[in-house]
Protein chains: 4
Amino acid sequence: MNIAVIGGHSCSKDMARIAEEIGKAIAQLGATLISGGLTGVMEASCKGAKSAGGKTIGILPGHDKAEANPYVDIPIVTGLGYMRNNLVVKNADIIIAIDGKEGTLSEIAFALQMKKPVLGIDSWNIPGVIKVKDAPSVIDWIKKRRK
Amino acid sequence: MNIAVIGGHSCSKDMARIAEEIGKAIAQLGATLISGGLTGVMEASCKGAKSAGGKTIGILPGHDKAEANPYVDIPIVTGLGYMRNNLVVKNADIIIAIDGKEGTLSEIAFALQMKKPVLGIDSWNIPGVIKVKDAPSVIDWIKKRRK
Amino acid sequence: MNIAVIGGHSCSKDMARIAEEIGKAIAQLGATLISGGLTGVMEASCKGAKSAGGKTIGILPGHDKAEANPYVDIPIVTGLGYMRNNLVVKNADIIIAIDGKEGTLSEIAFALQMKKPVLGIDSWNIPGVIKVKDAPSVIDWIKKRRK
Amino acid sequence: MNIAVIGGHSCSKDMARIAEEIGKAIAQLGATLISGGLTGVMEASCKGAKSAGGKTIGILPGHDKAEANPYVDIPIVTGLGYMRNNLVVKNADIIIAIDGKEGTLSEIAFALQMKKPVLGIDSWNIPGVIKVKDAPSVIDWIKKRRK
């Protein structure tokens with residue numbers, strides 16, 4: 001199972017802590033973490049996943065894999081700019097949105113269009129997004145779904 | 001000037017009427033109408049533009065230009081699927097959203113990310129979208145902006 | 001009918017003259033000229049098409065339509081970099097390669113893969129490419145095909 | 001280091017054997033094998049890499065990761081069709097072409113354009129491609145380069 005964590009290039013310490021906690025839980029569930037591979041929420045979630053020995057894929061907007069944050073195991077360069085947002089979502093079974101701006105909104109839109117579940121923490125208030133309040137709630141939701 | 005009209009593949013008669021009116025006004029302003037080239041809001045706006053002798057470009061998701069509605073002058077096939085939504089917006093100076101579902105939301109998100117003005121009629125309620133109530137208000141807004 | 005002219009960003013005066021002659025003939029045949037929209041062979045062919053009142057579409061690699069040469073009527077920005085080479089070919093019924101380097105080779109490869117006719121003047125020597133010696137031969141070939 | 005193996009969807013037994021041998025050697029060198037993730041040369045090389053405990057990434061043209069051959073560890077879906085050929089090459093440091101048709105030619109073209117080394121076994125005869133006769137020669141070339 002691939003789980004995407006989406007969110008902004010920059011984020012508050014609180015959001016980073018939540019992203020890290022969720023990344024860790026994704027690894028503990030044995031899932032692979034997909035993200036846009038950059039900073040902010042993306043980096044924090046990758047850091048969390050690696051702290052628990054997980055696997056992380058970063059689908060990058062540019063041509064240089066050195067753009068990936070240090071916690072990305074498998075950087076995929078695309079040169080697609082923000083069109084790569086579509087690929088982040090296309091490669092995930094579940095999408096977790098944490099905070100985020102317009103880029104995150106485009107990912108939520110694509111995910112809903114693909115009929116994939118989107119969980120949102122302090123993120124865009126869009127019909128179809130399942131609002132969750134914290135990392136443990138995300139994990140509970142995923143565990144229930146897997147049963 | 002290129003103006004994009006975005007909205008759903010299918011729409012109500014009311015929305016089609018508004019889209020047609022806006023397409024006509026875009027042509028009368030001497031602007032080119034950009035759209036995703038398919039049915040619904042896209043087709044109605046192209047029909048309006050052509051009724052006033054305007055020019056219409058349809059940026060299609062698939063490989064076959066026969067998918068374009070009959071009011072598209074210049075069909076551009078992409079094979080990009082919904083990633084082509086990004087190209088619709090990238091090729092426009094102003095974006096007008098009429099109604100629409102998740103595909104339209106992805107276009108609004110990309111447009112806001114590109115710092116382009118987005119006018120919305122009965123569309124997504126997203127911060128940054130300029131709400132307008134009808135076709136004449138759209139035209140007024142564009143005319144004021146051009147001064 | 002859309003006819004693509006592909007070739008390098010820079011070219012000799014001889015090649016530019018041939019490209020211009022072919023662009024002119026494409027316009028006289030009533031076809032639309034598709035190209036990558038930049039300099040060299042692309043610009044020369046667009047110039048030729050416009051000299052005969054033709055229509056020219058330029059599918060650009062970047063985000064800025066100002067990159068298009070001055071003879072492009074309809075610039076389409078993509079932000080796809082060289083991946084846009086695929087779109088140039090996808091939007092053409094016939095492809096004419098004049099000189100050109102690796103970028104042109106990628107376009108020839110995609111065109112052959114799509115089973116589209118590729119005519120080559122002083123271009124890559126690839127099985128499947130129909131070698132022609134000058135602009136009049138290109139025109140003859142297209143006219144015969146249309147009958 | 002990422003090494004791409006490119007070649008046709010279908011291939012002879014001889015070519016499959018060479019592809020498998022090269023895949024195995026890539027794994028033994030500690031490099032990651034990148035490919036288009038499908039059948040033929042792609043599958044044979046992935047099989048070889050897995051037989052030596054290597055890591056394989058498959059960048060797929062479609063939307064369904066089930067299209068990947070069984071030896072792909074990390075399938076990346078793109079929905080880009082043959083445009084994904086560009087991504088295969090973009091993610092590699094060295095490209096090895098084995099046999100192959102027009103799709104392979106497009107990858108060789110993009111690789112040469114990106115100034116990346118391309119080794120060819122019974123593949124396209126294009127200036128810039130380094131001709132090698134068998135798998136051991138490929139390995140020798142890569143080992144010398146790394147020194």
# chains A, B, ... in the order shown; residues from 1 in each chain; ligands from 1

$ residues_around --residues "Ser137 of chain D" --least-positions-apart "4" --cutoff "10 Å" --atoms "only C-alpha atoms" --output "list in words"
Ile22, Leu119, Ile121, Lys131, Val132, Lys133, Trp141, Ile142 and Lys143 of chain D

$ residues_around --residues "Ala4 of chain D" --least-positions-apart "3" --cutoff "7 Å" --atoms "only C-alpha atoms" --output "PyMOL selection string"
chain D and resi 33-35+88-89+92+94-96

$ write_last_selection --atoms "all heavy atoms" --output "PDB file, in the first residue's frame"
ATOM      1  N   LEU D  33      18.113  -0.366 -10.937  1.00  0.00           N
ATOM      2  CA  LEU D  33      17.698  -0.524 -12.335  1.00  0.00           C
ATOM      3  C   LEU D  33      16.396   0.242 -12.589  1.00  0.00           C
ATOM      4  O   LEU D  33      15.388   0.009 -11.926  1.00  0.00           O
ATOM      5  CB  LEU D  33      17.485  -2.008 -12.644  1.00  0.00           C
ATOM      6  CG  LEU D  33      16.871  -2.324 -14.016  1.00  0.00           C
ATOM      7  CD1 LEU D  33      17.779  -1.852 -15.142  1.00  0.00           C
ATOM      8  CD2 LEU D  33      16.635  -3.832 -14.142  1.00  0.00           C
ATOM      9  N   ILE D  34      16.466   1.142 -13.558  1.00  0.00           N
ATOM     10  CA  ILE D  34      15.276   1.885 -13.979  1.00  0.00           C
ATOM     11  C   ILE D  34      14.826   1.316 -15.313  1.00  0.00           C
ATOM     12  O   ILE D  34      15.662   1.062 -16.186  1.00  0.00           O
ATOM     13  CB  ILE D  34      15.612   3.383 -14.227  1.00  0.00           C
ATOM     14  CG1 ILE D  34      16.229   4.046 -12.997  1.00  0.00           C
ATOM     15  CG2 ILE D  34      14.411   4.138 -14.749  1.00  0.00           C
ATOM     16  CD1 ILE D  34      15.255   4.734 -12.107  1.00  0.00           C
ATOM     17  N   SER D  35      13.514   1.164 -15.494  1.00  0.00           N
ATOM     18  CA  SER D  35      13.037   0.779 -16.825  1.00  0.00           C
ATOM     19  C   SER D  35      11.607   1.263 -16.998  1.00  0.00           C
ATOM     20  O   SER D  35      11.025   1.852 -16.081  1.00  0.00           O
ATOM     21  CB  SER D  35      13.095  -0.737 -17.027  1.00  0.00           C
ATOM     22  OG  SER D  35      12.005  -1.358 -16.375  1.00  0.00           O
ATOM     23  N   VAL D  88      11.914   7.943 -17.887  1.00  0.00           N
ATOM     24  CA  VAL D  88      12.813   6.799 -17.689  1.00  0.00           C
ATOM     25  C   VAL D  88      14.264   7.284 -17.801  1.00  0.00           C
ATOM     26  O   VAL D  88      15.108   7.012 -16.943  1.00  0.00           O
ATOM     27  CB  VAL D  88      12.535   5.693 -18.739  1.00  0.00           C
ATOM     28  CG1 VAL D  88      13.615   4.611 -18.683  1.00  0.00           C
ATOM     29  CG2 VAL D  88      11.149   5.078 -18.519  1.00  0.00           C
ATOM     30  N   VAL D  89      14.520   8.041 -18.852  1.00  0.00           N
ATOM     31  CA  VAL D  89      15.876   8.515 -19.132  1.00  0.00           C
ATOM     32  C   VAL D  89      16.307   9.590 -18.132  1.00  0.00           C
ATOM     33  O   VAL D  89      17.449   9.621 -17.662  1.00  0.00           O
ATOM     34  CB  VAL D  89      15.920   9.060 -20.574  1.00  0.00           C
ATOM     35  CG1 VAL D  89      17.210   9.798 -20.828  1.00  0.00           C
ATOM     36  CG2 VAL D  89      15.738   7.915 -21.568  1.00  0.00           C
ATOM     37  N   ALA D  92      17.881   8.347 -14.958  1.00  0.00           N
ATOM     38  CA  ALA D  92      19.034   7.446 -15.055  1.00  0.00           C
ATOM     39  C   ALA D  92      20.329   8.226 -15.245  1.00  0.00           C
ATOM     40  O   ALA D  92      20.333   9.314 -15.818  1.00  0.00           O
ATOM     41  CB  ALA D  92      18.839   6.484 -16.215  1.00  0.00           C
ATOM     42  N   ILE D  94      23.083   6.407 -16.487  1.00  0.00           N
ATOM     43  CA  ILE D  94      23.620   5.708 -17.662  1.00  0.00           C
ATOM     44  C   ILE D  94      22.437   4.967 -18.299  1.00  0.00           C
ATOM     45  O   ILE D  94      21.571   4.468 -17.581  1.00  0.00           O
ATOM     46  CB  ILE D  94      24.701   4.677 -17.244  1.00  0.00           C
ATOM     47  CG1 ILE D  94      25.912   5.405 -16.639  1.00  0.00           C
ATOM     48  CG2 ILE D  94      25.116   3.800 -18.417  1.00  0.00           C
ATOM     49  CD1 ILE D  94      26.929   4.461 -16.010  1.00  0.00           C
ATOM     50  N   ILE D  95      22.425   4.919 -19.619  1.00  0.00           N
ATOM     51  CA  ILE D  95      21.325   4.246 -20.322  1.00  0.00           C
ATOM     52  C   ILE D  95      21.898   3.104 -21.158  1.00  0.00           C
ATOM     53  O   ILE D  95      22.852   3.305 -21.912  1.00  0.00           O
ATOM     54  CB  ILE D  95      20.570   5.248 -21.234  1.00  0.00           C
ATOM     55  CG1 ILE D  95      19.763   6.230 -20.390  1.00  0.00           C
ATOM     56  CG2 ILE D  95      19.631   4.529 -22.204  1.00  0.00           C
ATOM     57  CD1 ILE D  95      20.511   7.452 -19.946  1.00  0.00           C
ATOM     58  N   ILE D  96      21.306   1.931 -21.027  1.00  0.00           N
ATOM     59  CA  ILE D  96      21.734   0.789 -21.843  1.00  0.00           C
ATOM     60  C   ILE D  96      20.575   0.380 -22.743  1.00  0.00           C
ATOM     61  O   ILE D  96      19.508  -0.009 -22.259  1.00  0.00           O
ATOM     62  CB  ILE D  96      22.154  -0.397 -20.948  1.00  0.00           C
ATOM     63  CG1 ILE D  96      23.294   0.053 -20.011  1.00  0.00           C
ATOM     64  CG2 ILE D  96      22.578  -1.597 -21.800  1.00  0.00           C
ATOM     65  CD1 ILE D  96      23.596  -0.922 -18.898  1.00  0.00           C
TER      66      ILE D  96
END

$ residues_around --residues "segment 68-76 of chain D" --least-positions-apart "2" --cutoff "6 Å" --atoms "only C-alpha atoms" --output "list in words"
Gly37, Leu38, Glu43, Cys46, Lys47, Thr56, Ile57, Gly58, Ile59, Leu60, Lys65 and Ala66 of chain D

$ interface_residues --of "chain B" --to "chain D" --cutoff "10 Å" --atoms "only C-alpha atoms" --output "VMD selection string"
chain B and resid 78 to 83

$ select_by_dssp --residues "segment 22-104 of chain C" --states "strand (DSSP E)" --output "list of chain:residue names"
C:Thr32, C:Leu33, C:Ile34, C:Ser35, C:Lys55, C:Thr56, C:Ile57, C:Gly58, C:Ile59, C:Leu60, C:Ile74, C:Pro75, C:Ile76, C:Val77, C:Ile94, C:Ile95, C:Ile96, C:Ala97, C:Ile98

$ residues_around --residues "Lys13 of chain B" --least-positions-apart "2" --cutoff "12 Å" --atoms "only C-alpha atoms" --output "list in words"
Ser10, Cys11, Met15, Ala16, Arg17, Ile18, Ala19, Glu20, Gly40, Val41, Ala44 and Asp99 of chain B

$ write_last_selection --atoms "N, CA and C atoms" --output "CSV table (one decimal), in the first residue's frame"
chain,number,residue,atom,x,y,z
B,10,SER,N,-20.8,18.1,-17.9
B,10,SER,CA,-22.2,18.2,-18.0
B,10,SER,C,-22.7,19.3,-17.1
B,11,CYS,N,-23.7,20.0,-17.5
B,11,CYS,CA,-24.2,21.1,-16.7
B,11,CYS,C,-25.7,21.4,-16.9
B,15,MET,N,-26.8,26.9,-16.4
B,15,MET,CA,-25.3,27.1,-16.5
B,15,MET,C,-24.8,27.2,-17.9
B,16,ALA,N,-25.5,26.4,-18.8
B,16,ALA,CA,-25.1,26.4,-20.2
B,16,ALA,C,-25.4,27.7,-20.8
B,17,ARG,N,-26.5,28.3,-20.4
B,17,ARG,CA,-26.9,29.6,-20.9
B,17,ARG,C,-25.9,30.7,-20.5
B,18,ILE,N,-25.5,30.6,-19.2
B,18,ILE,CA,-24.5,31.6,-18.7
B,18,ILE,C,-23.2,31.4,-19.4
B,19,ALA,N,-22.8,30.1,-19.6
B,19,ALA,CA,-21.5,29.8,-20.3
B,19,ALA,C,-21.5,30.4,-21.7
B,20,GLU,N,-22.6,30.2,-22.4
B,20,GLU,CA,-22.8,30.7,-23.8
B,20,GLU,C,-22.7,32.2,-23.8
B,40,GLY,N,-20.6,20.1,-22.1
B,40,GLY,CA,-21.0,20.9,-21.0
B,40,GLY,C,-20.7,22.3,-21.0
B,41,VAL,N,-20.1,22.8,-20.0
B,41,VAL,CA,-19.8,24.3,-19.9
B,41,VAL,C,-18.8,24.6,-21.0
B,44,ALA,N,-20.7,24.9,-24.3
B,44,ALA,CA,-21.6,26.1,-24.4
B,44,ALA,C,-20.8,27.4,-24.5
B,99,ASP,N,-19.7,26.7,-12.3
B,99,ASP,CA,-20.2,25.4,-11.7
B,99,ASP,C,-18.9,24.5,-11.7

$ closest_residue --among "B:Thr39, B:Gly120, B:Ser51, B:Glu67" --to "Ile98 of chain B" --atoms "only C-alpha atoms"
B:Gly120

$ residues_around --residues "Ala27 of chain D" --least-positions-apart "3" --cutoff "10 Å" --atoms "only C-alpha atoms" --output "list in words"
Ile3, Ile22, Gly23, Lys24, Gly30, Ala31, Thr32, Leu33, Cys46, Gly48, Ala49, Lys50, Ser51, Ala52, Gly53, Gly54, Lys55 and Thr56 of chain D

$ write_last_selection --atoms "N, CA and C atoms" --output "compact mmCIF listing (two decimals), in the first residue's frame"
# COMPACT_ATOMS: atom_id res chain seq x y z
N ILE D 3 20.74 3.07 -13.28
CA ILE D 3 21.05 2.68 -14.66
C ILE D 3 19.75 2.23 -15.34
N ILE D 22 22.59 -8.35 -17.96
CA ILE D 22 22.92 -6.96 -17.63
C ILE D 22 22.19 -6.50 -16.37
N GLY D 23 20.95 -6.91 -16.25
CA GLY D 23 20.19 -6.56 -15.04
C GLY D 23 20.89 -7.09 -13.79
N LYS D 24 21.36 -8.34 -13.90
CA LYS D 24 22.06 -8.97 -12.78
C LYS D 24 23.33 -8.18 -12.43
N GLY D 30 25.62 -2.63 -7.38
CA GLY D 30 24.98 -1.82 -6.33
C GLY D 30 24.13 -0.69 -6.90
N ALA D 31 23.88 -0.70 -8.20
CA ALA D 31 23.07 0.35 -8.81
C ALA D 31 21.59 -0.06 -8.83
N THR D 32 20.72 0.93 -8.98
CA THR D 32 19.29 0.68 -9.10
C THR D 32 18.95 0.60 -10.59
N LEU D 33 18.11 -0.37 -10.94
CA LEU D 33 17.70 -0.52 -12.34
C LEU D 33 16.40 0.24 -12.59
N CYS D 46 14.82 -6.67 -15.36
CA CYS D 46 14.35 -6.62 -13.96
C CYS D 46 14.53 -7.99 -13.30
N GLY D 48 16.73 -10.22 -14.00
CA GLY D 48 18.16 -10.37 -13.71
C GLY D 48 18.56 -9.61 -12.45
N ALA D 49 18.08 -8.39 -12.34
CA ALA D 49 18.44 -7.57 -11.17
C ALA D 49 17.93 -8.21 -9.88
N LYS D 50 16.71 -8.71 -9.92
CA LYS D 50 16.14 -9.32 -8.70
C LYS D 50 16.86 -10.62 -8.34
N SER D 51 17.35 -11.33 -9.35
CA SER D 51 18.07 -12.60 -9.07
C SER D 51 19.34 -12.33 -8.27
N ALA D 52 19.83 -11.09 -8.33
CA ALA D 52 21.03 -10.73 -7.56
C ALA D 52 20.69 -9.79 -6.41
N GLY D 53 19.40 -9.75 -6.05
CA GLY D 53 19.01 -8.95 -4.89
C GLY D 53 19.01 -7.46 -5.12
N GLY D 54 18.91 -7.04 -6.38
CA GLY D 54 18.94 -5.61 -6.70
C GLY D 54 17.60 -4.92 -6.51
N LYS D 55 17.59 -3.62 -6.79
CA LYS D 55 16.38 -2.82 -6.66
C LYS D 55 15.95 -2.36 -8.05
N THR D 56 14.63 -2.45 -8.32
CA THR D 56 14.13 -2.11 -9.66
C THR D 56 12.96 -1.13 -9.59
